[in-house]
Amino acid sequence: MKKFHSPLAAILLFSVNVVYAQIIPIESKSNAIVLHVNSDGYLSMVYFGKKLADKNEYQQIPSTQNLDESNLYSSAYTTAGTHNVLEPAIALTHADGNKSLDLKYVDQSLVKLSDNVSQTNIRLKDPVYAVEVVLHYKVYAAEDVIEQWSEISNLEKKEISLNKYASVNLYLQAKSFWLKQYHGEWAKEMRPEEEKLTHGIKTLDSKLGARADLLQPPSFIISIDKPAGEDEGDVLIGNLEWSGNFRVDLEVDPTDNLRLIAGINNYASDYKLAAGAVFETPKFVYTLSHQGKGEASRNLHNWARKYQLVDGEGPRLTLLNNWESTFFSFDEQKLSEILKDTKKLGVDLFLLDDGWFANKYPRNDDHAGLGDWQVNKTKLPDGVGFLVKEAEKNSVKFGIWVEPEMVNPKSELYENHPDWVVKQPRRGDFMMRNQLVLDLSNPKVQDFVFGVIDDLFTKNPNLAYIKWDCNSVIYNAYSAYEKDQSNFYVDYVKGLYKVMDRMRQKYPKVPMMLCSGGGGRVDYGALRYFTEYWPSDNTEPQERVYIQWEYSYLYPALTSSNHVTNWGKEPLKYRVDVAMMGKLGFDIVVGKLSANDLQFCQQAVKTYKEFSEAIWHGNQYRLQSPWDNDVAAINYVDSLKSRAIVFNYLVSHRFDAGSHAPVKLGGLDPARHYEVKEVNLYPGVISAVKGGIYSGEYLMTVGINPEVREERPSVILSIEERK
Ligand code: GLA
C-alpha cells in the first residue's frame, strides 16, 4: 500500500532567503513534471504525467514525502552517504575523505530560449560541505521532449572524487512498469526484449569504453501499467547522449514505484574533480506519450531533426559505396570505373571505403596501416585529388572512409607514438580487429585526429562526405597521459567530443556517417555531430527489416544509412525496397547488373527522390510489426499530409505466408482523397494491387492490401492526394 500523506501546503517558508515548501511545475505541450521542495528543503518528483489545464491544481498533488521513513525514495537527485538507502544518483568523496552528501534546495531559474524551448535550472547545495549541484531540465514543448542533466561544482579547497554522477533521476508512480531493452553483437544489432520490471534493480550498461553500444545501446522504452502498443498506452522512450560507458538503473522501490537513474557508468571511473571545477554530465533525452510507442518515437524524430542532428531538416545524399564490391583491392582505374557507375546508377555520391592509405605498412587488409593517413602511392599515385576530379567529371560527389581514433600496431603511427595508444604498459596487447584505440584524453591525440580530417578537407576542398568508423572497444584501459586513471573513460569521450566540436565549427554541414563496425555507437550524443549512422554490417535484407524497425523507435529514417548489397538470397527488388525505407545507398558491382536490374535500380533512385520528403522529414507510422506478422509494413506521410509511401515486406516463408488482409495506414487526413498506386515495380511486372482513389478514412480504417506473397515479397505503394 502506498502511503500518500498531506496534500501540499502552499505556504511559503523562508529560511535565509530560500523558499521551501513549494512546487515547481515543468510543462511541455501535453505533459508536466511536478517537483516539490519539502519543508526541510529536499527536492522530490511528485508527478510526471498529463498536464493539467489549471496550473494551480498542481498544488493539490499528494506529496511523495513520507512514502518511506527516509523521505527520499522520490528524490529528484538522490544522494549517498546520509539517510538514503536506495540507489543514489550522486555519490562522492569529499576532500577530507568523508563520503556523505546531502543536497537541499537553494533556488531556481527559468530561461526561455525560444518560443518552443525553455530551461528550468534548480540549484541544490550541501549544508555542510561546499558542493553544489544544478539540475537542468530543457523542455522542447511542441515535441514533448525533455533533456535533463546536472552540473556538479566542487567549491571545496581540494580535489573531490565523484563516485557516481547520473544525468537524470526520475520517479514514476504506477502499478507496474514494462521495460523494452535491446541487446546485440556485431551484425546482430538491436534485438529487443520486453519484460515486466520486478522489485530491485535492473541495470543496463556498457563497460566497452569505445564502440560502447556493441552489446547494448543506451536506449530503452518504459511502458506504464501495461506494455504500450503502437497507438495506445503510456510510454517513455529515453536515450543517454553519451558515446562511452553508460549505466541505467531501473529500481522498482519498496512502494512499487520506479526510480530511473541514468548517466555515465561509474565503473572504474571515480572521477577526480579539482577544487573550483564543475563537472557537467551528459544529457539524457526522453519523451512521454499517452498514445503509444508510435507517437513517442515521432516526438523523438521531430526533436532530433529540429534540434539535434546535423542538418536534420536538410536533404541527404544517395550513394554508391565500394566496400563490398572491392574490399581493400582497388586502384585508380577500378575506382574511375566505379565513378562512372555512380553516375550511371543516378546516385549523388561515390563513397571510397577502407584501404586507400598507408605506405610503409600498406592497408591491404585489416592487419596494417591504420593510423597512417597518407594516400597509398601504389593504389592511388595521383592522390585523393584525382578521384575528387574524376567524380566532378562524372557530375557526382566524392566521399571517403576514415577511422582516425584507431591504430594498427603495424603502423608508423604506433612506432612513433606508442604513448598515444591505450594499452597496459606492463601487459601484452589485446586487440579487436587487430587494432588498438588512441588515447583521446590526450590533447595531442585530439589534435592528431582533428588533423586527419582537416588535412583531407584542406587538400580536397570539394570532399563532400565522411564515413567515420570505430571498430574496436577499449581493452586494457590505461592512458599514459592521465594523471589519474579513474578519469580516463570519461575523458576519452570528452576528448572525442572536443574533436567533433572543432570539426563541426570548421565544417558545420558536411554530411558524415557515424559507423562503428555497424551500429556500435548509435546514441544521441554522437548523432549531434553526424547526419546519419550505419545500423549494422548485416545488410541481409530480411535481417535489416528487423534492425531498421527497432532503430526506428529511436531515430528518424533519414539517419539510417541503408545499403543495397549482395547479402542474402532475396531478389534485388526486395533489397532495394528495404534500403529505401531510410537513407538509400548501394554497395554492389553496378557493371554486373543485368540490363533489367540496372533499369530497375535507376528507376528506384528516381522514385526514392520523389518520395524523399516524406521519408526524410515526414511522420513515420509502424503499421505491422515483423515480429508478429508475415508482412511488415511501415508508412511515411509528409508534413502536409498530401503524400505518403508505404513499405511492405514479407518476413515469413511458411506455407501461404502473405498479406491476407488489408494493411491499415496511418497519419493521413481522413477527409481527403488519395490515389493509391504500386511503385518501384520491376520492369515488365504488372501490379496486383487494387489501386485507385480512396478517402484517407478508408485507407486508415479498412486499409489496402499490398498483395504481398512469395512471388511478390516486397511492395511499395504511393499515396498521393487527389483533389
Ligand atoms: C567496418 C564498417 C564497414 C567497412 C569496414 C572497413 O566494418 O562497418 O562498413 O567500412 O569497417 O574496414
# chains A, B, ... in the order shown; residues from 1 in each chain; ligands from 1
>>> closest_atom_pairs(of="chain A", to="ligand 1", cutoff="7 Å", atoms="only C-alpha atoms and all ligand atoms", output="tab-separated table")
residue	atom	partner	partner_atom_place_in_ligand_line	distance
A:Trp323	CA	ligand 1	4 (C)	6.1
A:Asp353	CA	ligand 1	10 (O)	5.7
A:Asp354	CA	ligand 1	6 (C)	4.8
A:Asp366	CA	ligand 1	12 (O)	6.7
A:Trp401	CA	ligand 1	10 (O)	6.8
A:Asp469	CA	ligand 1	2 (C)	6.4
A:Asn471	CA	ligand 1	1 (C)	6.3
A:Cys515	CA	ligand 1	8 (O)	5.9
A:Ser516	CA	ligand 1	8 (O)	5.7
A:Gly517	CA	ligand 1	8 (O)	3.3
A:Gly518	CA	ligand 1	8 (O)	4.5
A:Ser536	CA	ligand 1	8 (O)	6.9
A:Asp537	CA	ligand 1	8 (O)	5.2
>>> write_last_selection(atoms="N, CA, C and O atoms", output="short mmCIF file (atom, residue, chain, number, x, y, z; two decimals), in the first residue's frame")
data_model
loop_
_atom_site.label_atom_id
_atom_site.label_comp_id
_atom_site.auth_asym_id
_atom_site.auth_seq_id
_atom_site.Cartn_x
_atom_site.Cartn_y
_atom_site.Cartn_z
N TRP A 323 32.81 -0.77 -50.58
CA TRP A 323 33.36 -1.70 -49.60
C TRP A 323 33.16 -3.15 -50.03
O TRP A 323 34.12 -3.89 -50.21
N ASP A 353 35.76 3.49 -49.57
CA ASP A 353 35.86 2.89 -48.23
C ASP A 353 37.31 2.62 -47.84
O ASP A 353 38.25 3.15 -48.44
N ASP A 354 37.48 1.80 -46.86
CA ASP A 354 38.78 1.44 -46.27
C ASP A 354 39.79 0.97 -47.33
O ASP A 354 39.41 0.39 -48.34
N ASP A 366 43.03 -5.80 -42.86
CA ASP A 366 42.81 -5.06 -41.61
C ASP A 366 43.91 -5.29 -40.55
O ASP A 366 43.72 -4.96 -39.39
N TRP A 401 36.19 7.19 -46.42
CA TRP A 401 36.14 6.46 -45.14
C TRP A 401 37.36 6.82 -44.29
O TRP A 401 38.48 6.90 -44.80
N ASP A 469 34.50 5.69 -38.94
CA ASP A 469 34.34 4.35 -38.38
C ASP A 469 35.00 4.23 -37.01
O ASP A 469 35.82 5.08 -36.63
N ASN A 471 36.09 0.70 -34.93
CA ASN A 471 35.90 -0.76 -34.95
C ASN A 471 36.40 -1.52 -33.73
O ASN A 471 36.44 -2.74 -33.75
N CYS A 515 29.71 5.43 -38.11
CA CYS A 515 29.79 3.98 -38.31
C CYS A 515 30.64 3.41 -37.18
O CYS A 515 31.56 4.05 -36.70
N SER A 516 30.32 2.21 -36.77
CA SER A 516 31.12 1.60 -35.73
C SER A 516 31.10 0.09 -35.94
O SER A 516 30.56 -0.65 -35.12
N GLY A 517 31.65 -0.31 -37.08
CA GLY A 517 31.60 -1.73 -37.44
C GLY A 517 30.15 -2.19 -37.44
O GLY A 517 29.83 -3.29 -37.03
N GLY A 518 29.27 -1.31 -37.88
CA GLY A 518 27.83 -1.50 -37.70
C GLY A 518 27.38 -0.47 -36.68
O GLY A 518 27.98 0.59 -36.54
N SER A 536 24.11 -1.46 -39.17
CA SER A 536 24.70 -2.79 -39.00
C SER A 536 25.49 -3.15 -40.23
O SER A 536 25.12 -2.75 -41.34
N ASP A 537 26.55 -3.94 -40.05
CA ASP A 537 27.22 -4.50 -41.23
C ASP A 537 26.35 -5.60 -41.85
O ASP A 537 26.62 -6.05 -42.95
#
>>> residues_around(residues="Ser219 in chain A", least_positions_apart="4", cutoff="10 Å", atoms="only C-alpha atoms", output="number ranges by chain")
A: 180-182, 190, 204, 213, 237-241, 248, 284-286, 522-524, 551, 553-554
>>> write_last_selection(atoms="N, CA, C and O atoms", output="compact mmCIF listing (two decimals), in the first residue's frame")
# COMPACT_ATOMS: atom_id res chain seq x y z
N LYS A 180 11.29 -2.25 -22.33
CA LYS A 180 11.75 -2.80 -23.60
C LYS A 180 13.20 -2.37 -23.76
O LYS A 180 13.49 -1.17 -23.76
N GLN A 181 14.09 -3.33 -23.83
CA GLN A 181 15.52 -3.04 -23.91
C GLN A 181 16.10 -3.75 -25.14
O GLN A 181 15.43 -4.55 -25.77
N TYR A 182 17.35 -3.43 -25.45
CA TYR A 182 17.98 -4.02 -26.63
C TYR A 182 19.31 -4.65 -26.26
O TYR A 182 20.02 -4.18 -25.39
N MET A 190 20.39 -4.45 -32.12
CA MET A 190 19.03 -4.05 -31.76
C MET A 190 18.03 -5.21 -31.64
O MET A 190 16.93 -5.17 -32.18
N LEU A 204 21.03 -1.55 -17.11
CA LEU A 204 21.51 -1.65 -18.49
C LEU A 204 22.83 -0.90 -18.50
O LEU A 204 22.89 0.23 -18.01
N ASP A 213 28.19 0.74 -27.67
CA ASP A 213 26.85 0.15 -27.78
C ASP A 213 26.86 -1.23 -28.41
O ASP A 213 25.80 -1.76 -28.74
N ILE A 237 10.24 6.95 -23.84
CA ILE A 237 11.44 6.49 -24.56
C ILE A 237 12.59 7.37 -24.11
O ILE A 237 12.47 8.60 -24.07
N GLY A 238 13.71 6.75 -23.74
CA GLY A 238 14.85 7.52 -23.27
C GLY A 238 16.14 7.09 -23.94
O GLY A 238 16.29 5.95 -24.40
N ASN A 239 17.08 8.02 -23.99
CA ASN A 239 18.38 7.76 -24.60
C ASN A 239 19.42 8.64 -23.92
O ASN A 239 19.21 9.84 -23.77
N LEU A 240 20.52 8.03 -23.49
CA LEU A 240 21.59 8.83 -22.90
C LEU A 240 22.50 9.35 -24.01
O LEU A 240 22.99 8.57 -24.82
N GLU A 241 22.72 10.66 -24.00
CA GLU A 241 23.53 11.28 -25.06
C GLU A 241 25.01 11.16 -24.68
O GLU A 241 25.66 12.14 -24.31
N VAL A 248 22.23 2.59 -16.72
CA VAL A 248 20.84 2.95 -16.46
C VAL A 248 20.33 2.01 -15.37
O VAL A 248 20.33 0.80 -15.56
N PHE A 284 20.41 13.46 -20.81
CA PHE A 284 19.54 12.31 -21.02
C PHE A 284 18.29 12.86 -21.69
O PHE A 284 17.66 13.79 -21.17
N VAL A 285 17.95 12.33 -22.86
CA VAL A 285 16.78 12.86 -23.56
C VAL A 285 15.64 11.85 -23.45
O VAL A 285 15.85 10.64 -23.54
N TYR A 286 14.43 12.35 -23.20
CA TYR A 286 13.29 11.45 -23.08
C TYR A 286 12.00 12.13 -23.48
O TYR A 286 11.90 13.36 -23.52
N VAL A 522 25.61 4.12 -31.73
CA VAL A 522 24.47 4.95 -32.13
C VAL A 522 23.79 5.48 -30.88
O VAL A 522 23.12 4.75 -30.16
N ASP A 523 24.01 6.75 -30.59
CA ASP A 523 23.33 7.41 -29.48
C ASP A 523 23.22 8.88 -29.85
O ASP A 523 23.90 9.36 -30.75
N TYR A 524 22.35 9.59 -29.13
CA TYR A 524 22.12 10.99 -29.50
C TYR A 524 23.27 11.92 -29.10
O TYR A 524 23.30 13.06 -29.54
N TYR A 551 15.49 0.28 -34.72
CA TYR A 551 16.12 1.61 -34.64
C TYR A 551 15.10 2.72 -34.84
O TYR A 551 15.27 3.83 -34.35
N TYR A 553 12.37 3.20 -33.57
CA TYR A 553 11.77 3.71 -32.32
C TYR A 553 12.56 4.91 -31.79
O TYR A 553 12.02 5.74 -31.08
N LEU A 554 13.83 4.95 -32.13
CA LEU A 554 14.71 5.99 -31.58
C LEU A 554 15.05 7.10 -32.57
O LEU A 554 15.08 8.27 -32.19
>>> select_by_dssp(residues="range 305-540 of chain A", states="strand (DSSP E)", output="ChimeraX atom specification")
/A:319-321,349-352,397-402,406-407,436-437,465-468,512-514,532-533
>>> select_by_dssp(residues="range 504-543 of chain A", states="alpha helix (DSSP H)", output="list of chain:residue names")
A:Arg504, A:Gln505, A:Lys506, A:Pro541, A:Gln542, A:Glu543
>>> write_last_selection(atoms="all heavy atoms", output="PDB file, in the first residue's frame")
ATOM      1  N   ARG A 504      33.057  20.372 -36.381  1.00  0.00           N
ATOM      2  CA  ARG A 504      31.787  20.969 -36.780  1.00  0.00           C
ATOM      3  C   ARG A 504      31.853  22.491 -36.818  1.00  0.00           C
ATOM      4  O   ARG A 504      31.076  23.120 -37.528  1.00  0.00           O
ATOM      5  CB  ARG A 504      30.660  20.471 -35.872  1.00  0.00           C
ATOM      6  CG  ARG A 504      30.197  19.080 -36.246  1.00  0.00           C
ATOM      7  CD  ARG A 504      29.867  19.020 -37.713  1.00  0.00           C
ATOM      8  NE  ARG A 504      29.438  17.706 -38.180  1.00  0.00           N
ATOM      9  CZ  ARG A 504      29.286  17.406 -39.472  1.00  0.00           C
ATOM     10  NH1 ARG A 504      29.546  18.294 -40.415  1.00  0.00           N
ATOM     11  NH2 ARG A 504      28.887  16.210 -39.842  1.00  0.00           N
ATOM     12  N   GLN A 505      32.784  23.061 -36.049  1.00  0.00           N
ATOM     13  CA  GLN A 505      32.961  24.506 -36.138  1.00  0.00           C
ATOM     14  C   GLN A 505      33.498  24.885 -37.510  1.00  0.00           C
ATOM     15  O   GLN A 505      33.075  25.842 -38.123  1.00  0.00           O
ATOM     16  CB  GLN A 505      33.951  24.961 -35.082  1.00  0.00           C
ATOM     17  CG  GLN A 505      33.300  25.911 -34.089  1.00  0.00           C
ATOM     18  CD  GLN A 505      34.150  26.054 -32.867  1.00  0.00           C
ATOM     19  OE1 GLN A 505      35.376  25.969 -32.938  1.00  0.00           O
ATOM     20  NE2 GLN A 505      33.518  26.272 -31.741  1.00  0.00           N
ATOM     21  N   LYS A 506      34.449  24.081 -37.972  1.00  0.00           N
ATOM     22  CA  LYS A 506      35.079  24.393 -39.250  1.00  0.00           C
ATOM     23  C   LYS A 506      34.272  23.879 -40.447  1.00  0.00           C
ATOM     24  O   LYS A 506      34.242  24.512 -41.491  1.00  0.00           O
ATOM     25  CB  LYS A 506      36.497  23.801 -39.253  1.00  0.00           C
ATOM     26  CG  LYS A 506      37.380  24.438 -40.283  1.00  0.00           C
ATOM     27  CD  LYS A 506      38.848  24.293 -39.971  1.00  0.00           C
ATOM     28  CE  LYS A 506      39.664  24.802 -41.162  1.00  0.00           C
ATOM     29  NZ  LYS A 506      41.068  24.456 -41.061  1.00  0.00           N
ATOM     30  N   PRO A 541      18.728  -8.476 -46.313  1.00  0.00           N
ATOM     31  CA  PRO A 541      17.579  -7.569 -46.259  1.00  0.00           C
ATOM     32  C   PRO A 541      16.495  -7.938 -45.253  1.00  0.00           C
ATOM     33  O   PRO A 541      15.854  -7.062 -44.684  1.00  0.00           O
ATOM     34  CB  PRO A 541      17.042  -7.576 -47.687  1.00  0.00           C
ATOM     35  CG  PRO A 541      17.618  -8.778 -48.320  1.00  0.00           C
ATOM     36  CD  PRO A 541      18.888  -9.085 -47.628  1.00  0.00           C
ATOM     37  N   GLN A 542      16.303  -9.242 -45.041  1.00  0.00           N
ATOM     38  CA  GLN A 542      15.260  -9.573 -44.069  1.00  0.00           C
ATOM     39  C   GLN A 542      15.706  -9.242 -42.644  1.00  0.00           C
ATOM     40  O   GLN A 542      14.942  -8.734 -41.839  1.00  0.00           O
ATOM     41  CB  GLN A 542      14.906 -11.036 -44.182  1.00  0.00           C
ATOM     42  CG  GLN A 542      13.412 -11.199 -44.099  1.00  0.00           C
ATOM     43  CD  GLN A 542      13.009 -12.621 -44.323  1.00  0.00           C
ATOM     44  OE1 GLN A 542      12.957 -13.392 -43.391  1.00  0.00           O
ATOM     45  NE2 GLN A 542      12.734 -12.966 -45.569  1.00  0.00           N
ATOM     46  N   GLU A 543      16.983  -9.504 -42.380  1.00  0.00           N
ATOM     47  CA  GLU A 543      17.557  -9.108 -41.087  1.00  0.00           C
ATOM     48  C   GLU A 543      17.400  -7.599 -40.911  1.00  0.00           C
ATOM     49  O   GLU A 543      17.103  -7.101 -39.830  1.00  0.00           O
ATOM     50  CB  GLU A 543      19.051  -9.436 -41.065  1.00  0.00           C
ATOM     51  CG  GLU A 543      19.368 -10.909 -41.026  1.00  0.00           C
ATOM     52  CD  GLU A 543      19.300 -11.455 -39.618  1.00  0.00           C
ATOM     53  OE1 GLU A 543      19.530 -10.684 -38.678  1.00  0.00           O
ATOM     54  OE2 GLU A 543      18.985 -12.644 -39.477  1.00  0.00           O
TER      55      GLU A 543
END
>>> atom_distance(atom1="CA of Gln620 in chain A", atom2="CA of Lys569 in chain A")
28.0 Å
>>> residues_around(residues="Cys601 in chain A", least_positions_apart="3", cutoff="12 Å", atoms="only C-alpha atoms", output="PyMOL selection string")
chain A and resi 320+341-342+344-347+564+572-577+579-580+584-586+588+590+593-598+604-608+680-683
>>> write_last_selection(atoms="N, CA and C atoms", output="mmCIF file, in the first residue's frame")
data_model
loop_
_atom_site.group_PDB
_atom_site.id
_atom_site.type_symbol
_atom_site.label_atom_id
_atom_site.label_comp_id
_atom_site.auth_asym_id
_atom_site.auth_seq_id
_atom_site.Cartn_x
_atom_site.Cartn_y
_atom_site.Cartn_z
ATOM 1 N N LEU A 320 26.896 5.416 -53.805
ATOM 2 C CA LEU A 320 27.439 4.102 -54.139
ATOM 3 C C LEU A 320 28.736 3.943 -53.357
ATOM 4 N N ASP A 341 30.080 4.351 -62.899
ATOM 5 C CA ASP A 341 28.883 3.591 -62.499
ATOM 6 C C ASP A 341 27.999 4.397 -61.543
ATOM 7 N N THR A 342 28.659 5.225 -60.728
ATOM 8 C CA THR A 342 27.898 6.039 -59.771
ATOM 9 C C THR A 342 26.950 6.946 -60.547
ATOM 10 N N LYS A 344 25.995 6.431 -63.660
ATOM 11 C CA LYS A 344 25.041 5.601 -64.399
ATOM 12 C C LYS A 344 23.848 5.219 -63.517
ATOM 13 N N LEU A 345 24.156 4.908 -62.288
ATOM 14 C CA LEU A 345 23.112 4.491 -61.343
ATOM 15 C C LEU A 345 22.174 5.657 -61.007
ATOM 16 N N GLY A 346 22.712 6.848 -61.053
ATOM 17 C CA GLY A 346 21.878 8.023 -60.774
ATOM 18 C C GLY A 346 21.942 8.493 -59.327
ATOM 19 N N VAL A 347 22.898 7.950 -58.550
ATOM 20 C CA VAL A 347 23.027 8.407 -57.150
ATOM 21 C C VAL A 347 23.935 9.634 -57.083
ATOM 22 N N VAL A 564 22.113 -1.279 -50.360
ATOM 23 C CA VAL A 564 21.755 -2.482 -51.105
ATOM 24 C C VAL A 564 23.054 -3.239 -51.368
ATOM 25 N N LEU A 572 16.695 -8.666 -55.981
ATOM 26 C CA LEU A 572 17.215 -7.300 -55.949
ATOM 27 C C LEU A 572 16.132 -6.298 -55.524
ATOM 28 N N LYS A 573 14.931 -6.488 -56.047
ATOM 29 C CA LYS A 573 13.865 -5.544 -55.702
ATOM 30 C C LYS A 573 13.626 -5.505 -54.193
ATOM 31 N N TYR A 574 13.629 -6.661 -53.569
ATOM 32 C CA TYR A 574 13.411 -6.710 -52.119
ATOM 33 C C TYR A 574 14.514 -5.928 -51.406
ATOM 34 N N ARG A 575 15.751 -6.139 -51.855
ATOM 35 C CA ARG A 575 16.887 -5.471 -51.205
ATOM 36 C C ARG A 575 16.783 -3.959 -51.351
ATOM 37 N N VAL A 576 16.388 -3.524 -52.555
ATOM 38 C CA VAL A 576 16.266 -2.081 -52.796
ATOM 39 C C VAL A 576 15.096 -1.521 -51.984
ATOM 40 N N ASP A 577 13.984 -2.229 -51.982
ATOM 41 C CA ASP A 577 12.803 -1.751 -51.249
ATOM 42 C C ASP A 577 13.111 -1.586 -49.753
ATOM 43 N N ALA A 579 16.126 -1.013 -48.439
ATOM 44 C CA ALA A 579 17.043 0.120 -48.254
ATOM 45 C C ALA A 579 16.315 1.457 -48.390
ATOM 46 N N MET A 580 15.247 1.469 -49.164
ATOM 47 C CA MET A 580 14.539 2.739 -49.406
ATOM 48 C C MET A 580 13.769 3.257 -48.195
ATOM 49 N N LEU A 584 18.936 5.862 -48.683
ATOM 50 C CA LEU A 584 19.297 4.854 -49.687
ATOM 51 C C LEU A 584 20.750 4.946 -50.160
ATOM 52 N N GLY A 585 21.411 3.806 -50.193
ATOM 53 C CA GLY A 585 22.740 3.703 -50.785
ATOM 54 C C GLY A 585 22.893 2.334 -51.427
ATOM 55 N N PHE A 586 23.962 2.160 -52.198
ATOM 56 C CA PHE A 586 24.238 0.882 -52.852
ATOM 57 C C PHE A 586 25.671 0.484 -52.555
ATOM 58 N N ILE A 588 27.174 -2.458 -54.471
ATOM 59 C CA ILE A 588 27.135 -3.608 -55.378
ATOM 60 C C ILE A 588 27.994 -3.265 -56.596
ATOM 61 N N VAL A 590 27.923 -2.408 -60.033
ATOM 62 C CA VAL A 590 26.892 -1.957 -60.975
ATOM 63 C C VAL A 590 27.111 -2.612 -62.340
ATOM 64 N N LEU A 593 25.272 -5.833 -63.094
ATOM 65 C CA LEU A 593 23.804 -5.905 -63.100
ATOM 66 C C LEU A 593 23.312 -6.203 -64.515
ATOM 67 N N SER A 594 22.259 -7.002 -64.624
ATOM 68 C CA SER A 594 21.646 -7.220 -65.936
ATOM 69 C C SER A 594 20.979 -5.914 -66.369
ATOM 70 N N ALA A 595 20.628 -5.829 -67.632
ATOM 71 C CA ALA A 595 20.007 -4.595 -68.140
ATOM 72 C C ALA A 595 18.746 -4.259 -67.341
ATOM 73 N N ASN A 596 17.932 -5.277 -67.055
ATOM 74 C CA ASN A 596 16.689 -5.037 -66.303
ATOM 75 C C ASN A 596 16.966 -4.612 -64.865
ATOM 76 N N ASP A 597 17.955 -5.274 -64.253
ATOM 77 C CA ASP A 597 18.311 -4.918 -62.872
ATOM 78 C C ASP A 597 18.785 -3.468 -62.808
ATOM 79 N N LEU A 598 19.611 -3.091 -63.784
ATOM 80 C CA LEU A 598 20.124 -1.721 -63.795
ATOM 81 C C LEU A 598 18.980 -0.726 -63.993
ATOM 82 N N ALA A 604 14.417 3.131 -59.344
ATOM 83 C CA ALA A 604 14.215 3.155 -57.887
ATOM 84 C C ALA A 604 14.824 4.421 -57.280
ATOM 85 N N VAL A 605 16.000 4.805 -57.774
ATOM 86 C CA VAL A 605 16.643 6.012 -57.249
ATOM 87 C C VAL A 605 15.741 7.225 -57.524
ATOM 88 N N LYS A 606 15.140 7.245 -58.713
ATOM 89 C CA LYS A 606 14.241 8.365 -59.051
ATOM 90 C C LYS A 606 13.000 8.348 -58.154
ATOM 91 N N THR A 607 12.418 7.174 -57.983
ATOM 92 C CA THR A 607 11.214 7.065 -57.133
ATOM 93 C C THR A 607 11.559 7.497 -55.707
ATOM 94 N N TYR A 608 12.723 7.054 -55.254
ATOM 95 C CA TYR A 608 13.150 7.402 -53.897
ATOM 96 C C TYR A 608 13.237 8.918 -53.745
ATOM 97 N N ASN A 680 7.778 1.344 -57.865
ATOM 98 C CA ASN A 680 9.014 0.543 -57.773
ATOM 99 C C ASN A 680 8.804 -0.877 -58.279
ATOM 100 N N LEU A 681 8.005 -0.989 -59.323
ATOM 101 C CA LEU A 681 7.789 -2.314 -59.915
ATOM 102 C C LEU A 681 9.004 -2.702 -60.740
ATOM 103 N N TYR A 682 9.311 -3.964 -60.741
ATOM 104 C CA TYR A 682 10.417 -4.453 -61.568
ATOM 105 C C TYR A 682 9.977 -4.371 -63.032
ATOM 106 N N PRO A 683 10.888 -4.023 -63.967
ATOM 107 C CA PRO A 683 10.485 -3.865 -65.370
ATOM 108 C C PRO A 683 9.637 -5.042 -65.860
#
>>> residues_around(residues="Trp567 in chain A", least_positions_apart="2", cutoff="6 Å", atoms="only C-alpha atoms", output="MDAnalysis selection string")
chainID A and resid 539:540 565
>>> atom_distance(atom1="CA of Arg259 in chain A", atom2="CA of Ser289 in chain A")
18.4 Å
>>> residues_around(residues="Arg654 in chain A", least_positions_apart="5", cutoff="12 Å", atoms="only C-alpha atoms", output="mmCIF file with N, CA, C and O atoms, in the first residue's frame")
data_model
loop_
_atom_site.group_PDB
_atom_site.id
_atom_site.type_symbol
_atom_site.label_atom_id
_atom_site.label_comp_id
_atom_site.auth_asym_id
_atom_site.auth_seq_id
_atom_site.Cartn_x
_atom_site.Cartn_y
_atom_site.Cartn_z
ATOM 1 N N ASN A 629 3.865 -10.649 -37.607
ATOM 2 C CA ASN A 629 3.090 -10.706 -38.850
ATOM 3 C C ASN A 629 3.935 -11.351 -39.946
ATOM 4 O O ASN A 629 5.161 -11.276 -39.897
ATOM 5 N N ASP A 630 3.261 -11.905 -40.943
ATOM 6 C CA ASP A 630 4.004 -12.403 -42.120
ATOM 7 C C ASP A 630 4.597 -11.230 -42.889
ATOM 8 O O ASP A 630 5.622 -11.354 -43.543
ATOM 9 N N VAL A 631 3.868 -10.113 -42.837
ATOM 10 C CA VAL A 631 4.273 -8.951 -43.629
ATOM 11 C C VAL A 631 4.505 -7.768 -42.695
ATOM 12 O O VAL A 631 3.623 -7.397 -41.922
ATOM 13 N N ARG A 709 3.186 -11.630 -51.241
ATOM 14 C CA ARG A 709 3.286 -13.091 -51.095
ATOM 15 C C ARG A 709 4.614 -13.529 -51.695
ATOM 16 O O ARG A 709 5.367 -12.687 -52.196
ATOM 17 N N GLU A 710 4.885 -14.821 -51.626
ATOM 18 C CA GLU A 710 6.210 -15.336 -52.015
ATOM 19 C C GLU A 710 6.676 -14.793 -53.379
ATOM 20 O O GLU A 710 7.833 -14.421 -53.528
#
>>> residues_around(residues="Phe611 in chain A", least_positions_apart="2", cutoff="10 Å", atoms="only C-alpha atoms", output="ChimeraX atom specification")
/A:580,606-609,613-616,618,636-638,643-645,718
>>> atom_distance(atom1="CA of Ala368 in chain A", atom2="CA of Asn434 in chain A")
8.1 Å
